[in-house]
Protein chains: 2
Amino acid sequence: MSCKNTIMRLSEYRRILCKLKALGFTRVFSDHLAGALDISPALVRKDFSDFGLTGNRKSGYTVDELIEKMNMILRKDKVEPVIVVGCGGIGRALMEYNAFAGEGIRIVAGFDSRPELHDLKGTIPVHDISRLEVYIKGHNIKTAILAVPESSAGDMADFLISRGVTGILNVAPIPLKGYDNCVIRNINFLHELENTIYFASMLDSKQK
Amino acid sequence: MSCKNTIMRLSEYRRILCKLKALGFTRVFSDHLAGALDISPALVRKDFSDFGLTGNRKSGYTVDELIEKMNMILRKDKVEPVIVVGCGGIGRALMEYNAFAGEGIRIVAGFDSRPELHDLKGTIPVHDISRLEVYIKGHNIKTAILAVPESSAGDMADFLISRGVTGILNVAPIPLKGYDNCVIRNINFLHELENTIYFASMLDSKQK
DNA sequence: TAAATATCGATAAATTAATATTCATAATTG
DNA sequence: CAATTATGAATATTAATTTATCGATATTTA
């Protein structure tokens with residue numbers, strides 16, 4: 001049915017729609033959104049129709065209605081509690097990442113094995129990794145950001161999954177496979193940078 | 001010719017091949033790599049053949065040869081200097097990211113407008129943003145990680161591009177479009193997390 | 001040395017994703 | 001109120017990506 005790309009675009013549509021709303025727009029056309037995302041209007045309409053987002057001929061889509069329905073689709077009707085496992089550089093940065101606030105995502109706690117990183121009094125507490133299991137069960141955590149070193153990423157993912165986590169955003173430097181009972185989304189900064197450098201150098205050689 | 005996915009997989013192949021080499025393996029089969037990446041052996045062979053990476057029937061591919069040729073393709077024959085623009089949480093974390101070291105990527109400097117973040121004596125200096133232009137020209141910088149707030153991301157990207165940067169890894173919370181003379185790769189943590197949560201909740205509803 | 005087997009390489013098929021086209025219709029205009 | 005126009009919705013087409021198939025051939029083994 002709907003692929004990863006579609007959902008990713010849904011997030012982008014939503015972001016732009018919120019901007020439009022703030023600017024006072026009440027209606028929007030597929031053509032406008034297509035321009036903003038650098039895709040074809042047809043794809044916008046197809047994406048929308050896949051999720052039952054309908055508009056009106058001649059007068060386009062209603063901004064409010066789109067945002068509301070997208071919020072439902074993207075599960076933004078309630079706040080999703082998310083934990084961060086591994087509070088080194090990247091983990092810490094994501095714990096304090098501003099862009100999550102007000103977007104239905106709340107980082108509720110961090111976990112790390114290093115005692116010097118523990119902090120039970122901060123706005124977002126950092127617990128010892130030993131408290132992970134109890135916390136997940138107690139707070140019914142379903143989503144985690146995994147930012148541990150390569151050596152422990154696999155084991156930690158297995159542990160999270162065994163304790164009921166169903167979605168992992170993995171920013172550890174090793175890609176992990178998803179399972180039947182858990183979605184894993186990998187972000188590998190090294191690979192992304194390599195990719196960027198590769199295509200940049202292709203540009204160079206083309207233009208010469 | 002070769003799409004983004006192929007290059008991304010090339011990075012993954014390479015990562016695994018380096019592991020195999022460290023373990024003493026000298027040869028590898030498409031089937032093994034396919035298992036590691038959770039794709040079909042046919043795709044591995046196709047990816048390889050796209051880049052002229054050949055093996056031998058019955059005895060597979062030579063690990064060393066693959067790594068060497070992939071290093072060429074991914075421009076790892078020399079160290080690529082990369083700057084970080086915006087040294088807040090994410091920017092700082094990526095400046096100090098260990099996984100780049102020894103992988104042909106060196107973060108050479110950071111830039112930020114906030115004086116309190118300046119640090120000219122650290123291992124990786126953080127300069128005022130005003131020094132960006134001179135630095136890029138002086139060090140012939142082609143690649144940048146963009147980690148500034150949403151409000152300045154677009155302008156800053158334009159500036160980088162106008163000064164000769166041809167590849168940008170954009171982790172600012174707003175996707176940017178690429179141009180003819182610069183590749184932009186967007187990583188949006190909010191969108192990634194939304195995507196993860198969406199597919200996780202789909203899993204849930206399927207299993208019930 | 002001949003037969004068996006595992007694996008690559010190339011091609012074809014299937015799947016997935018994106019775009020183009022066509023049609024119906026609501027709004028606008030004269 | 002009829003004609004025009006802009007737009008969504010549905011469908012068809014194209015493109016892209018991935019997987020499956022099959023022949024050729026090194027390697028192994030008897």
# chains A, B, ... in the order shown; residues from 1 in each chain; ligands from 1
$ select_by_dssp --residues "stretch 63-139 of chain A" --states "strand (DSSP E)" --output "list in words"
Glu80, Pro81, Val82, Ile83, Val84, Val85, Ile105, Arg106, Ile107, Val108, Ala109, Gly110, Phe111, Asp112, Val126, His127 and Asp128 of chain A
$ write_last_selection --atoms "N, CA and C atoms" --output "short mmCIF file (atom, residue, chain, number, x, y, z; two decimals), in the first residue's frame"
data_model
loop_
_atom_site.label_atom_id
_atom_site.label_comp_id
_atom_site.auth_asym_id
_atom_site.auth_seq_id
_atom_site.Cartn_x
_atom_site.Cartn_y
_atom_site.Cartn_z
N GLU A 80 3.71 11.01 22.02
CA GLU A 80 4.43 9.75 22.05
C GLU A 80 5.66 9.88 22.94
N PRO A 81 5.74 9.06 23.98
CA PRO A 81 6.93 9.11 24.84
C PRO A 81 8.07 8.31 24.22
N VAL A 82 9.24 8.91 24.16
CA VAL A 82 10.39 8.28 23.52
C VAL A 82 11.58 8.31 24.48
N ILE A 83 12.30 7.20 24.53
CA ILE A 83 13.52 7.18 25.34
C ILE A 83 14.75 7.19 24.44
N VAL A 84 15.85 7.68 25.02
CA VAL A 84 17.11 7.68 24.30
C VAL A 84 18.07 6.73 25.01
N VAL A 85 18.54 5.75 24.28
CA VAL A 85 19.46 4.78 24.88
C VAL A 85 20.86 5.07 24.36
N ILE A 105 6.02 14.57 20.08
CA ILE A 105 7.05 13.63 20.50
C ILE A 105 7.74 14.18 21.73
N ARG A 106 7.77 13.37 22.77
CA ARG A 106 8.45 13.84 23.97
C ARG A 106 9.52 12.86 24.41
N ILE A 107 10.75 13.35 24.48
CA ILE A 107 11.82 12.53 25.02
C ILE A 107 11.65 12.54 26.53
N VAL A 108 11.39 11.36 27.09
CA VAL A 108 11.05 11.31 28.51
C VAL A 108 12.22 10.91 29.40
N ALA A 109 13.20 10.22 28.83
CA ALA A 109 14.33 9.79 29.65
C ALA A 109 15.48 9.31 28.77
N GLY A 110 16.68 9.38 29.36
CA GLY A 110 17.85 8.82 28.71
C GLY A 110 18.42 7.71 29.56
N PHE A 111 19.20 6.84 28.94
CA PHE A 111 19.82 5.73 29.66
C PHE A 111 21.24 5.57 29.18
N ASP A 112 22.15 5.35 30.15
CA ASP A 112 23.55 5.16 29.78
C ASP A 112 24.22 4.33 30.87
N VAL A 126 18.64 11.20 33.16
CA VAL A 126 19.46 10.14 32.55
C VAL A 126 19.68 9.06 33.60
N HIS A 127 19.12 7.89 33.36
CA HIS A 127 19.21 6.79 34.31
C HIS A 127 20.33 5.84 33.94
N ASP A 128 20.67 4.99 34.88
CA ASP A 128 21.59 3.90 34.56
C ASP A 128 20.85 2.90 33.67
#
$ closest_atom_pairs --of "chain D" --to "chain A" --cutoff "12 Å" --atoms "only C-alpha atoms (C1' of nucleotides)" --output "CSV"
residue,atom,partner,partner_atom,distance
D:DT5,C1',A:Lys58,CA,8.9
D:DA6,C1',A:Lys58,CA,5.4
D:DT7,C1',A:Lys58,CA,4.3
D:DG8,C1',A:Arg57,CA,4.7
D:DA9,C1',A:Arg45,CA,8.2
D:DA10,C1',A:Lys46,CA,9.7
D:DT11,C1',A:Lys46,CA,11.5
$ select_by_dssp --residues "stretch 70-144 of chain A" --states "helix (DSSP H, G or I)" --output "list in words"
Met70, Asn71, Met72, Ile73, Gly89, Ile90, Gly91, Arg92, Ala93, Leu94, Met95, Asn98, Ala99, Phe100, Pro115, Glu116, Leu117, Ile129, Ser130, Arg131, Leu132, Glu133, Val134, Tyr135, Ile136, Lys137, Gly138 and His139 of chain A
$ write_last_selection --atoms "N, CA, C and O atoms" --output "compact mmCIF listing (two decimals), in the first residue's frame"
# COMPACT_ATOMS: atom_id res chain seq x y z
N MET A 70 -3.74 14.36 8.83
CA MET A 70 -2.35 13.90 8.87
C MET A 70 -1.91 13.66 10.31
O MET A 70 -1.15 12.73 10.58
N ASN A 71 -2.38 14.48 11.20
CA ASN A 71 -2.08 14.26 12.61
C ASN A 71 -2.58 12.90 13.07
O ASN A 71 -1.89 12.20 13.83
N MET A 72 -3.74 12.53 12.59
CA MET A 72 -4.27 11.21 12.93
C MET A 72 -3.38 10.11 12.36
O MET A 72 -3.00 9.18 13.05
N ILE A 73 -3.06 10.26 11.08
CA ILE A 73 -2.25 9.23 10.41
C ILE A 73 -0.89 9.08 11.08
O ILE A 73 -0.43 7.98 11.34
N GLY A 89 27.51 11.85 22.64
CA GLY A 89 27.31 13.05 21.83
C GLY A 89 25.99 13.09 21.10
O GLY A 89 25.15 13.97 21.35
N ILE A 90 25.76 12.12 20.22
CA ILE A 90 24.55 12.14 19.41
C ILE A 90 23.30 11.94 20.26
O ILE A 90 22.30 12.64 20.10
N GLY A 91 23.36 10.99 21.18
CA GLY A 91 22.22 10.72 22.04
C GLY A 91 21.82 11.95 22.83
O GLY A 91 20.65 12.35 22.85
N ARG A 92 22.79 12.56 23.45
CA ARG A 92 22.56 13.78 24.23
C ARG A 92 21.93 14.87 23.34
O ARG A 92 20.97 15.53 23.73
N ALA A 93 22.50 15.05 22.15
CA ALA A 93 22.00 16.09 21.24
C ALA A 93 20.54 15.83 20.88
O ALA A 93 19.73 16.76 20.83
N LEU A 94 20.19 14.58 20.66
CA LEU A 94 18.80 14.28 20.30
C LEU A 94 17.87 14.42 21.50
O LEU A 94 16.70 14.77 21.35
N MET A 95 18.40 14.16 22.69
CA MET A 95 17.59 14.38 23.90
C MET A 95 17.18 15.85 24.01
O MET A 95 16.09 16.17 24.45
N ASN A 98 15.38 20.50 19.90
CA ASN A 98 14.19 21.36 20.06
C ASN A 98 13.04 20.99 19.13
O ASN A 98 11.88 21.13 19.48
N ALA A 99 13.39 20.52 17.94
CA ALA A 99 12.36 20.35 16.91
C ALA A 99 11.31 19.28 17.25
O ALA A 99 10.28 19.20 16.59
N PHE A 100 11.57 18.46 18.27
CA PHE A 100 10.57 17.46 18.65
C PHE A 100 9.45 18.10 19.46
O PHE A 100 8.30 17.67 19.38
N PRO A 115 28.34 6.10 34.65
CA PRO A 115 27.81 6.81 35.82
C PRO A 115 27.95 8.32 35.71
O PRO A 115 27.09 9.07 36.16
N GLU A 116 29.04 8.77 35.07
CA GLU A 116 29.26 10.21 35.00
C GLU A 116 28.21 10.93 34.15
O GLU A 116 28.08 12.16 34.22
N LEU A 117 27.45 10.17 33.39
CA LEU A 117 26.41 10.79 32.57
C LEU A 117 25.04 10.77 33.25
O LEU A 117 24.10 11.38 32.76
N ILE A 129 21.64 2.27 32.83
CA ILE A 129 21.07 1.34 31.85
C ILE A 129 20.32 0.19 32.54
O ILE A 129 19.40 -0.40 31.97
N SER A 130 20.70 -0.08 33.78
CA SER A 130 20.06 -1.17 34.52
C SER A 130 18.58 -0.88 34.81
O SER A 130 17.81 -1.79 35.09
N ARG A 131 18.22 0.37 34.72
CA ARG A 131 16.82 0.71 35.02
C ARG A 131 15.93 0.69 33.78
O ARG A 131 14.73 0.95 33.84
N LEU A 132 16.55 0.37 32.66
CA LEU A 132 15.84 0.38 31.38
C LEU A 132 14.59 -0.49 31.37
O LEU A 132 13.49 -0.05 31.04
N GLU A 133 14.76 -1.73 31.79
CA GLU A 133 13.67 -2.69 31.73
C GLU A 133 12.45 -2.22 32.52
O GLU A 133 11.33 -2.20 32.01
N VAL A 134 12.71 -1.84 33.76
CA VAL A 134 11.61 -1.38 34.61
C VAL A 134 10.93 -0.15 34.02
O VAL A 134 9.71 -0.04 34.00
N TYR A 135 11.75 0.74 33.50
CA TYR A 135 11.19 1.98 32.94
C TYR A 135 10.28 1.71 31.75
O TYR A 135 9.18 2.24 31.65
N ILE A 136 10.76 0.87 30.85
CA ILE A 136 9.98 0.56 29.65
C ILE A 136 8.62 -0.01 30.03
O ILE A 136 7.58 0.42 29.52
N LYS A 137 8.63 -0.95 30.94
CA LYS A 137 7.38 -1.57 31.37
C LYS A 137 6.50 -0.57 32.11
O LYS A 137 5.31 -0.44 31.83
N GLY A 138 7.12 0.17 33.03
CA GLY A 138 6.36 1.10 33.86
C GLY A 138 5.71 2.22 33.06
O GLY A 138 4.61 2.67 33.38
N HIS A 139 6.39 2.67 32.03
CA HIS A 139 5.87 3.80 31.26
C HIS A 139 5.32 3.38 29.90
O HIS A 139 4.97 4.22 29.09
$ interface_residues --of "chain C" --to "chain A" --cutoff "9 Å" --atoms "only C-alpha atoms (C1' of nucleotides)" --output "list in words"
DT16, DA17, DA18, DT19, DA20, DT25, DA26 and DA27 of chain C
$ write_last_selection --atoms "N, CA, C and O atoms (P, O5', C5', C4', C3', O3' and C1' of nucleotides)" --output "PDB file, in the first residue's frame"
ATOM      1  P    DT C  16       5.920  -5.146  -4.271  1.00  0.00           P
ATOM      2  O5'  DT C  16       6.393  -3.655  -4.545  1.00  0.00           O
ATOM      3  C5'  DT C  16       7.776  -3.365  -4.467  1.00  0.00           C
ATOM      4  C4'  DT C  16       8.005  -2.000  -5.045  1.00  0.00           C
ATOM      5  C3'  DT C  16       7.075  -0.916  -4.496  1.00  0.00           C
ATOM      6  O3'  DT C  16       7.904  -0.022  -3.795  1.00  0.00           O
ATOM      7  C1'  DT C  16       7.370  -0.713  -6.850  1.00  0.00           C
ATOM      8  P    DA C  17       7.347   1.253  -3.027  1.00  0.00           P
ATOM      9  O5'  DA C  17       7.529   2.364  -4.146  1.00  0.00           O
ATOM     10  C5'  DA C  17       8.821   2.580  -4.671  1.00  0.00           C
ATOM     11  C4'  DA C  17       8.746   3.690  -5.686  1.00  0.00           C
ATOM     12  C3'  DA C  17       7.919   4.897  -5.240  1.00  0.00           C
ATOM     13  O3'  DA C  17       8.763   6.023  -5.341  1.00  0.00           O
ATOM     14  C1'  DA C  17       7.255   4.172  -7.417  1.00  0.00           C
ATOM     15  P    DA C  18       8.234   7.515  -5.099  1.00  0.00           P
ATOM     16  O5'  DA C  18       7.931   7.986  -6.593  1.00  0.00           O
ATOM     17  C5'  DA C  18       9.002   8.063  -7.512  1.00  0.00           C
ATOM     18  C4'  DA C  18       8.484   8.553  -8.847  1.00  0.00           C
ATOM     19  C3'  DA C  18       7.748   9.893  -8.797  1.00  0.00           C
ATOM     20  O3'  DA C  18       8.373  10.744  -9.748  1.00  0.00           O
ATOM     21  C1'  DA C  18       6.477   8.276  -9.991  1.00  0.00           C
ATOM     22  P    DT C  19       7.828  12.237  -9.959  1.00  0.00           P
ATOM     23  O5'  DT C  19       7.030  12.061 -11.314  1.00  0.00           O
ATOM     24  C5'  DT C  19       7.720  11.562 -12.453  1.00  0.00           C
ATOM     25  C4'  DT C  19       6.749  11.370 -13.587  1.00  0.00           C
ATOM     26  C3'  DT C  19       5.976  12.630 -13.990  1.00  0.00           C
ATOM     27  O3'  DT C  19       6.200  12.798 -15.373  1.00  0.00           O
ATOM     28  C1'  DT C  19       4.509  10.793 -13.768  1.00  0.00           C
ATOM     29  P    DA C  20       5.749  14.159 -16.106  1.00  0.00           P
ATOM     30  O5'  DA C  20       4.718  13.645 -17.212  1.00  0.00           O
ATOM     31  C5'  DA C  20       4.660  12.265 -17.485  1.00  0.00           C
ATOM     32  C4'  DA C  20       3.475  11.931 -18.363  1.00  0.00           C
ATOM     33  C3'  DA C  20       2.688  13.096 -18.941  1.00  0.00           C
ATOM     34  O3'  DA C  20       2.301  12.716 -20.257  1.00  0.00           O
ATOM     35  C1'  DA C  20       1.264  11.817 -17.534  1.00  0.00           C
ATOM     36  P    DT C  25     -19.416  14.620 -12.662  1.00  0.00           P
ATOM     37  O5'  DT C  25     -18.821  15.958 -12.058  1.00  0.00           O
ATOM     38  C5'  DT C  25     -17.939  15.891 -10.948  1.00  0.00           C
ATOM     39  C4'  DT C  25     -17.521  17.293 -10.580  1.00  0.00           C
ATOM     40  C3'  DT C  25     -18.653  18.306 -10.584  1.00  0.00           C
ATOM     41  O3'  DT C  25     -18.485  19.189  -9.502  1.00  0.00           O
ATOM     42  C1'  DT C  25     -16.928  19.098 -11.895  1.00  0.00           C
ATOM     43  P    DA C  26     -19.638  19.303  -8.420  1.00  0.00           P
ATOM     44  O5'  DA C  26     -19.151  20.566  -7.571  1.00  0.00           O
ATOM     45  C5'  DA C  26     -17.912  20.505  -6.877  1.00  0.00           C
ATOM     46  C4'  DA C  26     -17.127  21.769  -7.130  1.00  0.00           C
ATOM     47  C3'  DA C  26     -17.882  23.065  -6.818  1.00  0.00           C
ATOM     48  O3'  DA C  26     -17.056  23.862  -5.990  1.00  0.00           O
ATOM     49  C1'  DA C  26     -16.962  23.171  -9.000  1.00  0.00           C
ATOM     50  P    DA C  27     -17.611  25.067  -5.229  1.00  0.00           P
ATOM     51  O5'  DA C  27     -17.067  26.261  -6.111  1.00  0.00           O
ATOM     52  C5'  DA C  27     -15.685  26.611  -6.000  1.00  0.00           C
ATOM     53  C4'  DA C  27     -15.332  27.533  -7.144  1.00  0.00           C
ATOM     54  C3'  DA C  27     -15.991  28.915  -7.100  1.00  0.00           C
ATOM     55  O3'  DA C  27     -14.958  29.872  -6.918  1.00  0.00           O
ATOM     56  C1'  DA C  27     -16.075  27.967  -9.282  1.00  0.00           C
TER      57       DA C  27
END
$ interface_residues --of "chain B" --to "chain A" --cutoff "8 Å" --atoms "only C-alpha atoms" --output "ChimeraX atom specification"
/B:4,7-8,11-12,38,73-75,89-90,92-94,96-97,99-100,143,166-169,173,177,180-185,190-201,203-204
$ atom_distance --atom1 "atom CA of A:Ala153" --atom2 "atom CA of A:Asp119"
22.4 Å
$ residues_around --residues "stretch 21-24 of chain D" --least-positions-apart "2" --cutoff "10 Å" --atoms "only C-alpha atoms (C1' of nucleotides)" --output "VMD selection string"
(chain B and resid 57) or (chain C and resid 8 to 13) or (chain D and resid 19 26)
